[in-house]
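> Supplied structure: input_0.pdb, PDB, C-alpha atoms.
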```pdb
ATOM      1  CA  MET Z   1      49.480 -36.890  17.579  1.00  0.00           C
ATOM      2  CA  GLY Z   2      46.783 -35.699  19.890  1.00  0.00           C
ATOM      3  CA  TYR Z   3      43.183 -36.031  21.001  1.00  0.00           C
ATOM      4  CA  GLN Z   4      40.571 -33.270  20.934  1.00  0.00           C
ATOM      5  CA  GLU Z   5      36.946 -33.129  21.946  1.00  0.00           C
ATOM      6  CA  TYR Z   6      34.604 -30.360  20.864  1.00  0.00           C
ATOM      7  CA  ALA Z   7      31.215 -29.692  22.451  1.00  0.00           C
ATOM      8  CA  HIS Z   8      28.285 -27.531  21.429  1.00  0.00           C
ATOM      9  CA  ARG Z   9      25.040 -26.897  23.291  1.00  0.00           C
ATOM     10  CA  GLY Z  10      22.132 -26.574  20.897  1.00  0.00           C
ATOM     11  CA  ASN Z  11      18.337 -26.380  20.909  1.00  0.00           C
ATOM     12  CA  TYR Z  12      16.594 -28.922  18.691  1.00  0.00           C
ATOM     13  CA  PRO Z  13      12.920 -29.504  17.819  1.00  0.00           C
ATOM     14  CA  VAL Z  14      11.306 -32.445  19.614  1.00  0.00           C
ATOM     15  CA  PRO Z  15      10.901 -35.327  17.130  1.00  0.00           C
ATOM     16  CA  GLY Z  16       7.213 -36.139  16.574  1.00  0.00           C
ATOM     17  CA  ALA Z  17       5.947 -33.157  18.606  1.00  0.00           C
ATOM     18  CA  ASN Z  18       2.214 -32.520  18.160  1.00  0.00           C
ATOM     19  CA  PHE Z  19       1.602 -29.005  16.834  1.00  0.00           C
ATOM     20  CA  SER Z  20      -2.189 -29.349  16.484  1.00  0.00           C
ATOM     21  CA  GLN Z  21      -2.846 -25.744  17.592  1.00  0.00           C
ATOM     22  CA  GLY Z  22      -2.547 -24.389  14.085  1.00  0.00           C
ATOM     23  CA  ASN Z  23       0.304 -22.992  12.055  1.00  0.00           C
ATOM     24  CA  VAL Z  24       2.997 -22.697  14.738  1.00  0.00           C
ATOM     25  CA  GLY Z  25       5.529 -20.964  12.489  1.00  0.00           C
ATOM     26  CA  SER Z  26       3.305 -17.912  11.941  1.00  0.00           C
ATOM     27  CA  ASN Z  27       2.195 -17.374  15.557  1.00  0.00           C
ATOM     28  CA  PRO Z  28       5.000 -16.124  17.863  1.00  0.00           C
ATOM     29  CA  ASN Z  29       2.785 -16.658  20.967  1.00  0.00           C
ATOM     30  CA  ILE Z  30       2.834 -20.459  20.569  1.00  0.00           C
ATOM     31  CA  PRO Z  31       6.210 -21.835  21.766  1.00  0.00           C
ATOM     32  CA  LEU Z  32       7.957 -24.445  19.665  1.00  0.00           C
ATOM     33  CA  ALA Z  33       8.592 -27.748  21.440  1.00  0.00           C
ATOM     34  CA  GLU Z  34      12.351 -28.193  21.663  1.00  0.00           C
ATOM     35  CA  TYR Z  35      15.036 -29.729  23.843  1.00  0.00           C
ATOM     36  CA  THR Z  36      18.597 -28.729  24.673  1.00  0.00           C
ATOM     37  CA  HIS Z  37      21.437 -31.153  23.993  1.00  0.00           C
ATOM     38  CA  ARG Z  38      25.215 -30.989  24.384  1.00  0.00           C
ATOM     39  CA  ASP Z  39      26.679 -32.337  21.136  1.00  0.00           C
ATOM     40  CA  THR Z  40      30.157 -33.841  21.348  1.00  0.00           C
ATOM     41  CA  TYR Z  41      32.677 -34.592  18.604  1.00  0.00           C
ATOM     42  CA  ARG Z  42      35.924 -36.509  19.262  1.00  0.00           C
ATOM     43  CA  PHE Z  43      39.030 -36.459  17.054  1.00  0.00           C
ATOM     44  CA  VAL Z  44      42.491 -37.933  16.825  1.00  0.00           C
ATOM     45  CA  THR Z  45      44.683 -35.159  15.449  1.00  0.00           C
ATOM     46  CA  VAL Z  46      47.958 -34.946  13.576  1.00  0.00           C
ATOM     47  CA  PRO Z  47      49.156 -31.359  14.053  1.00  0.00           C
ATOM     48  CA  VAL Z  48      51.958 -29.700  12.087  1.00  0.00           C
ATOM     49  CA  ARG Z  49      53.153 -26.502  13.789  1.00  0.00           C
ATOM     50  CA  LEU Z  50      55.735 -23.831  13.088  1.00  0.00           C
ATOM     51  CA  GLY Z  51      56.893 -21.482  15.805  1.00  0.00           C
ATOM     52  CA  TYR Z  52      58.620 -18.120  15.725  1.00  0.00           C
ATOM     53  CA  VAL Z  53      60.311 -16.487  18.720  1.00  0.00           C
ATOM     54  CA  LEU Z  54      59.458 -12.804  19.151  1.00  0.00           C
ATOM     55  CA  GLY Z  55      62.145 -10.523  20.557  1.00  0.00           C
ATOM     56  CA  ARG Z  56      64.901 -11.450  22.964  1.00  0.00           C
ATOM     57  CA  PRO Z  57      64.292 -13.540  26.069  1.00  0.00           C
ATOM     58  CA  VAL Z  58      63.451 -11.503  29.184  1.00  0.00           C
ATOM     59  CA  GLY Z  59      65.491 -13.221  31.875  1.00  0.00           C
ATOM     60  CA  ARG Z  60      64.431 -16.874  31.710  1.00  0.00           C
ATOM     61  CA  LEU Z  61      61.169 -16.113  29.847  1.00  0.00           C
ATOM     62  CA  SER Z  62      60.799 -16.205  26.051  1.00  0.00           C
ATOM     63  CA  TYR Z  63      57.687 -15.800  23.959  1.00  0.00           C
ATOM     64  CA  GLY Z  64      56.589 -16.280  20.391  1.00  0.00           C
ATOM     65  CA  VAL Z  65      53.807 -17.373  18.093  1.00  0.00           C
ATOM     66  CA  VAL Z  66      52.867 -20.776  16.751  1.00  0.00           C
ATOM     67  CA  ALA Z  67      50.696 -21.632  13.730  1.00  0.00           C
ATOM     68  CA  GLY Z  68      49.957 -24.632  11.569  1.00  0.00           C
ATOM     69  CA  ALA Z  69      47.489 -27.117  10.192  1.00  0.00           C
ATOM     70  CA  ASP Z  70      45.831 -30.210  11.665  1.00  0.00           C
ATOM     71  CA  ALA Z  71      44.558 -33.384  10.069  1.00  0.00           C
ATOM     72  CA  ASP Z  72      41.595 -34.338  12.287  1.00  0.00           C
ATOM     73  CA  PHE Z  73      40.237 -37.899  12.179  1.00  0.00           C
ATOM     74  CA  TYR Z  74      36.678 -38.232  13.528  1.00  0.00           C
ATOM     75  CA  VAL Z  75      36.434 -41.114  16.016  1.00  0.00           C
ATOM     76  CA  GLY Z  76      32.948 -40.610  17.470  1.00  0.00           C
ATOM     77  CA  GLY Z  77      30.566 -38.437  19.373  1.00  0.00           C
ATOM     78  CA  LYS Z  78      26.962 -37.837  20.294  1.00  0.00           C
ATOM     79  CA  SER Z  79      24.587 -35.533  18.412  1.00  0.00           C
ATOM     80  CA  PRO Z  80      21.147 -35.459  16.765  1.00  0.00           C
ATOM     81  CA  ASP Z  81      20.663 -36.911  13.289  1.00  0.00           C
ATOM     82  CA  ALA Z  82      18.685 -35.131  10.537  1.00  0.00           C
ATOM     83  CA  SER Z  83      15.359 -36.142  12.199  1.00  0.00           C
ATOM     84  CA  GLY Z  84      16.420 -34.705  15.595  1.00  0.00           C
ATOM     85  CA  THR Z  85      16.978 -38.050  17.348  1.00  0.00           C
ATOM     86  CA  VAL Z  86      20.142 -38.066  19.486  1.00  0.00           C
ATOM     87  CA  LYS Z  87      22.571 -40.801  18.474  1.00  0.00           C
ATOM     88  CA  ALA Z  88      25.972 -41.975  19.638  1.00  0.00           C
ATOM     89  CA  TRP Z  89      28.128 -42.026  16.515  1.00  0.00           C
ATOM     90  CA  ARG Z  90      31.229 -44.056  15.810  1.00  0.00           C
ATOM     91  CA  MET Z  91      33.885 -43.761  13.167  1.00  0.00           C
ATOM     92  CA  GLY Z  92      32.521 -44.929   9.807  1.00  0.00           C
ATOM     93  CA  SER Z  93      28.827 -44.960  10.801  1.00  0.00           C
ATOM     94  CA  SER Z  94      28.239 -41.228  11.188  1.00  0.00           C
ATOM     95  CA  PRO Z  95      27.083 -38.397   8.930  1.00  0.00           C
ATOM     96  CA  TYR Z  96      30.380 -36.615   9.663  1.00  0.00           C
ATOM     97  CA  ARG Z  97      33.557 -36.481   7.597  1.00  0.00           C
ATOM     98  CA  SER Z  98      36.126 -39.031   8.670  1.00  0.00           C
ATOM     99  CA  LEU Z  99      38.945 -36.559   7.856  1.00  0.00           C
ATOM    100  CA  SER Z 100      38.822 -32.785   8.325  1.00  0.00           C
ATOM    101  CA  LEU Z 101      41.413 -30.048   7.863  1.00  0.00           C
ATOM    102  CA  ALA Z 102      41.853 -27.300  10.453  1.00  0.00           C
ATOM    103  CA  LEU Z 103      44.108 -24.270  10.934  1.00  0.00           C
ATOM    104  CA  SER Z 104      45.582 -23.341  14.310  1.00  0.00           C
ATOM    105  CA  ALA Z 105      47.280 -20.245  15.693  1.00  0.00           C
ATOM    106  CA  GLY Z 106      48.430 -19.296  19.155  1.00  0.00           C
ATOM    107  CA  LEU Z 107      51.144 -18.174  21.545  1.00  0.00           C
ATOM    108  CA  ASP Z 108      54.322 -19.950  22.612  1.00  0.00           C
ATOM    109  CA  LEU Z 109      55.502 -19.135  26.151  1.00  0.00           C
ATOM    110  CA  ARG Z 110      58.648 -20.748  27.572  1.00  0.00           C
ATOM    111  CA  TYR Z 111      60.447 -20.539  30.905  1.00  0.00           C
ATOM    112  CA  ARG Z 112      64.045 -21.795  30.918  1.00  0.00           C
ATOM    113  CA  LEU Z 113      64.804 -24.179  33.798  1.00  0.00           C
ATOM    114  CA  GLY Z 114      68.305 -25.160  32.667  1.00  0.00           C
ATOM    115  CA  PRO Z 115      70.611 -25.211  29.644  1.00  0.00           C
ATOM    116  CA  HIS Z 116      68.349 -27.550  27.648  1.00  0.00           C
ATOM    117  CA  LEU Z 117      65.096 -27.734  29.645  1.00  0.00           C
ATOM    118  CA  GLU Z 118      62.106 -25.365  29.431  1.00  0.00           C
ATOM    119  CA  LEU Z 119      58.566 -25.224  30.792  1.00  0.00           C
ATOM    120  CA  LEU Z 120      56.177 -24.740  27.887  1.00  0.00           C
ATOM    121  CA  ALA Z 121      52.672 -23.258  27.547  1.00  0.00           C
ATOM    122  CA  GLN Z 122      50.909 -22.900  24.179  1.00  0.00           C
ATOM    123  CA  PRO Z 123      47.330 -21.546  24.191  1.00  0.00           C
ATOM    124  CA  THR Z 124      45.924 -22.119  20.705  1.00  0.00           C
ATOM    125  CA  ALA Z 125      42.749 -21.445  18.695  1.00  0.00           C
ATOM    126  CA  THR Z 126      41.675 -23.946  16.007  1.00  0.00           C
ATOM    127  CA  TYR Z 127      39.227 -23.448  13.128  1.00  0.00           C
ATOM    128  CA  PHE Z 128      37.972 -26.263  10.873  1.00  0.00           C
ATOM    129  CA  LEU Z 129      38.259 -25.304   7.190  1.00  0.00           C
ATOM    130  CA  THR Z 130      36.067 -28.227   6.145  1.00  0.00           C
ATOM    131  CA  SER Z 131      32.509 -28.507   7.405  1.00  0.00           C
ATOM    132  CA  LEU Z 132      32.036 -31.366   9.859  1.00  0.00           C
ATOM    133  CA  PRO Z 133      28.851 -32.901   8.335  1.00  0.00           C
ATOM    134  CA  GLN Z 134      29.202 -34.538   4.943  1.00  0.00           C
ATOM    135  CA  PRO Z 135      27.246 -32.647   2.235  1.00  0.00           C
ATOM    136  CA  ILE Z 136      24.907 -35.627   1.628  1.00  0.00           C
ATOM    137  CA  SER Z 137      23.988 -35.954   5.342  1.00  0.00           C
ATOM    138  CA  GLY Z 138      21.157 -33.393   5.300  1.00  0.00           C
ATOM    139  CA  LEU Z 139      22.648 -31.710   8.379  1.00  0.00           C
ATOM    140  CA  PRO Z 140      23.492 -27.994   8.384  1.00  0.00           C
ATOM    141  CA  GLN Z 141      27.095 -27.132   7.593  1.00  0.00           C
ATOM    142  CA  ARG Z 142      29.187 -26.651  10.752  1.00  0.00           C
ATOM    143  CA  HIS Z 143      32.764 -25.365  10.940  1.00  0.00           C
ATOM    144  CA  LEU Z 144      34.113 -26.071  14.420  1.00  0.00           C
ATOM    145  CA  LEU Z 145      36.025 -23.426  16.360  1.00  0.00           C
ATOM    146  CA  GLY Z 146      37.789 -24.264  19.568  1.00  0.00           C
ATOM    147  CA  GLY Z 147      40.499 -23.337  21.991  1.00  0.00           C
ATOM    148  CA  SER Z 148      43.088 -25.469  23.706  1.00  0.00           C
ATOM    149  CA  ALA Z 149      46.283 -25.220  25.703  1.00  0.00           C
ATOM    150  CA  LEU Z 150      49.366 -27.392  25.684  1.00  0.00           C
ATOM    151  CA  PHE Z 151      51.467 -27.500  28.847  1.00  0.00           C
ATOM    152  CA  GLY Z 152      54.658 -29.468  29.233  1.00  0.00           C
ATOM    153  CA  LEU Z 153      58.422 -29.657  29.191  1.00  0.00           C
ATOM    154  CA  SER Z 154      60.633 -29.032  26.202  1.00  0.00           C
ATOM    155  CA  TYR Z 155      64.115 -30.489  25.956  1.00  0.00           C
ATOM    156  CA  GLY Z 156      66.435 -29.025  23.318  1.00  0.00           C
ATOM    157  CA  LEU Z 157      69.340 -31.062  22.044  1.00  0.00           C
TER
END
```
Rewrite the structure of this file - the entire thing - as structure tokens.

Amino acid sequence: MGYQEYAHRGNYPVPGANFSQGNVGSNPNIPLAEYTHRDTYRFVTVPVRLGYVLGRPVGRLSYGVVAGADADFYVGGKSPDASGTVKAWRMGSSPYRSLSLALSAGLDLRYRLGPHLELLAQPTATYFLTSLPQPISGLPQRHLLGGSALFGLSYGL
């Protein structure tokens, strides 16, 4: 299991802005009233990964690839709703899917410290196959893309 947080900086129209100067959409000289917001989305993840070692170890260093799928459970975040008003969302009360499916791929780098102990680094890219907003939410479809890195110790039996 794991925890991931995705963030996106976006420009959104100001809710209730007064555009009384005429047809704003057809005149490029009149700026649209908008604000910038950093959307956040938090997930509890259940990753399933397969790794493959490439080549022979070079001294104490070995390397390979890792790929798999994640079940991502939305637990909350902060983003604008369909009207542009920023809201703090919680699990169950948001316009976002409670469960999403993502694919991940990355590298697997290991440094052997002893007969069974290795330092581990796994930089990984993740792409959501399912769109985050539910189709009935009125929000534009969004497929998250992110990067992460796992660092730790690996003990082989």
> Which of these, Z:Ala7, Z:Ala82, Z:Met1, Z:Leu153, has the shortest distance to Arg110 (chain Z) once you count all atoms listed in the file?
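Of Z:Ala7, Z:Ala82, Z:Met1, Z:Leu153, the one nearest Arg110 (chain Z) is Z:Leu153, counting all atoms listed in the file.
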> Can you build me a table of region 21-122 of chain Z residues sitting at most 9 Å from region 135-149 of chain Z, with the closest atom pair per residue and its distance in Å to one decimal, using all atoms listed in the file, sorted by chain and residue number, as a tab-separated table?

```
residue	atom	partner	partner_atom	distance
Z:Asp81	CA	Z:Leu139	CA	7.4
Z:Ala82	CA	Z:Leu139	CA	5.7
Z:Ser94	CA	Z:Ser137	CA	8.9
Z:Pro95	CA	Z:Ser137	CA	5.3
Z:Tyr96	CA	Z:Ser137	CA	7.7
Z:Ala102	CA	Z:Leu144	CA	8.8
Z:Ala121	CA	Z:Ala149	CA	6.9
Z:Gln122	CA	Z:Ala149	CA	5.4
```
> Write the residues of the preceding selection, restricted to C-alpha atoms, as a CSV table (one decimal), in the coordinates of the input.

```
chain,number,residue,atom,x,y,z
Z,81,ASP,CA,20.7,-36.9,13.3
Z,82,ALA,CA,18.7,-35.1,10.5
Z,94,SER,CA,28.2,-41.2,11.2
Z,95,PRO,CA,27.1,-38.4,8.9
Z,96,TYR,CA,30.4,-36.6,9.7
Z,102,ALA,CA,41.9,-27.3,10.5
Z,121,ALA,CA,52.7,-23.3,27.5
Z,122,GLN,CA,50.9,-22.9,24.2
```
> On this file, the PyMOL selection byres ((chain Z and resi 92) around 12) gives some set of residues; write that set as a list in words.
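With the PyMOL selection byres ((chain Z and resi 92) around 12) on this model, the match is Phe73, Tyr74, Val75, Gly76, Gly77, Trp89, Arg90, Met91, Ser93, Ser94, Pro95, Tyr96, Arg97, Ser98, Leu99 and Gln134 of chain Z.
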> What is the distance, in Å and to one decimal place, between CA of His37 (chain Z) and CA of Leu132 (chain Z)?
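Taking CA of His37 (chain Z) as the start and CA of Leu132 (chain Z) as the end point, the length is 17.7 Å.
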> Quick one: distance from CA of Ser62 (chain Z) to CA of Tyr111 (chain Z) in Å, one decimal?
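Separation between CA of Ser62 (chain Z) and CA of Tyr111 (chain Z): 6.5 Å.
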> Return as JSON, numbers by chain the set of residues that the PyMOL selection byres ((chain Z and resi 112) around 12) yields on the displayed structure.
{"Z": [57, 58, 59, 60, 61, 62, 63, 109, 110, 111, 113, 114, 115, 116, 117, 118, 119, 120, 121, 153, 154, 155, 156]}
> What does the distance from CA of Val44 (chain Z) to CA of Thr85 (chain Z) come to in Å, to one decimal?
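Answer for the CA of Val44 (chain Z) to CA of Thr85 (chain Z) separation: 25.5 Å.
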> Pull out every residue that the PyMOL selection byres ((chain Z and resi 10) around 12) matches in the shown coordinates and put them as a tab-separated table (two decimals) with C-alpha atoms, keeping the file's coordinate frame.

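File part-v8.tsv, as written:
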```tsv
chain	number	residue	atom	x	y	z
Z	7	ALA	CA	31.22	-29.69	22.45
Z	8	HIS	CA	28.28	-27.53	21.43
Z	9	ARG	CA	25.04	-26.90	23.29
Z	11	ASN	CA	18.34	-26.38	20.91
Z	12	TYR	CA	16.59	-28.92	18.69
Z	13	PRO	CA	12.92	-29.50	17.82
Z	34	GLU	CA	12.35	-28.19	21.66
Z	35	TYR	CA	15.04	-29.73	23.84
Z	36	THR	CA	18.60	-28.73	24.67
Z	37	HIS	CA	21.44	-31.15	23.99
Z	38	ARG	CA	25.22	-30.99	24.38
Z	39	ASP	CA	26.68	-32.34	21.14
Z	40	THR	CA	30.16	-33.84	21.35
Z	79	SER	CA	24.59	-35.53	18.41
Z	80	PRO	CA	21.15	-35.46	16.76
Z	84	GLY	CA	16.42	-34.70	15.60
Z	86	VAL	CA	20.14	-38.07	19.49
```
> As JSON, what would the box around region 65-73 of chain Z look like: edges along x, y and z, 5 Å added on every side, centre and edge lengths in Å to one decimal?

```
{"center_x": 47.0, "center_y": -27.6, "center_z": 14.1, "size_x": 23.6, "size_y": 30.5, "size_z": 18.0}
```
> Using all atoms listed in the file, which of the listed residues (Z:Leu107, Z:Leu50, Z:Leu101, Z:Leu129) sits closest to Val65 (chain Z)?
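Selected residue with least distance to Val65 (chain Z): Z:Leu107.
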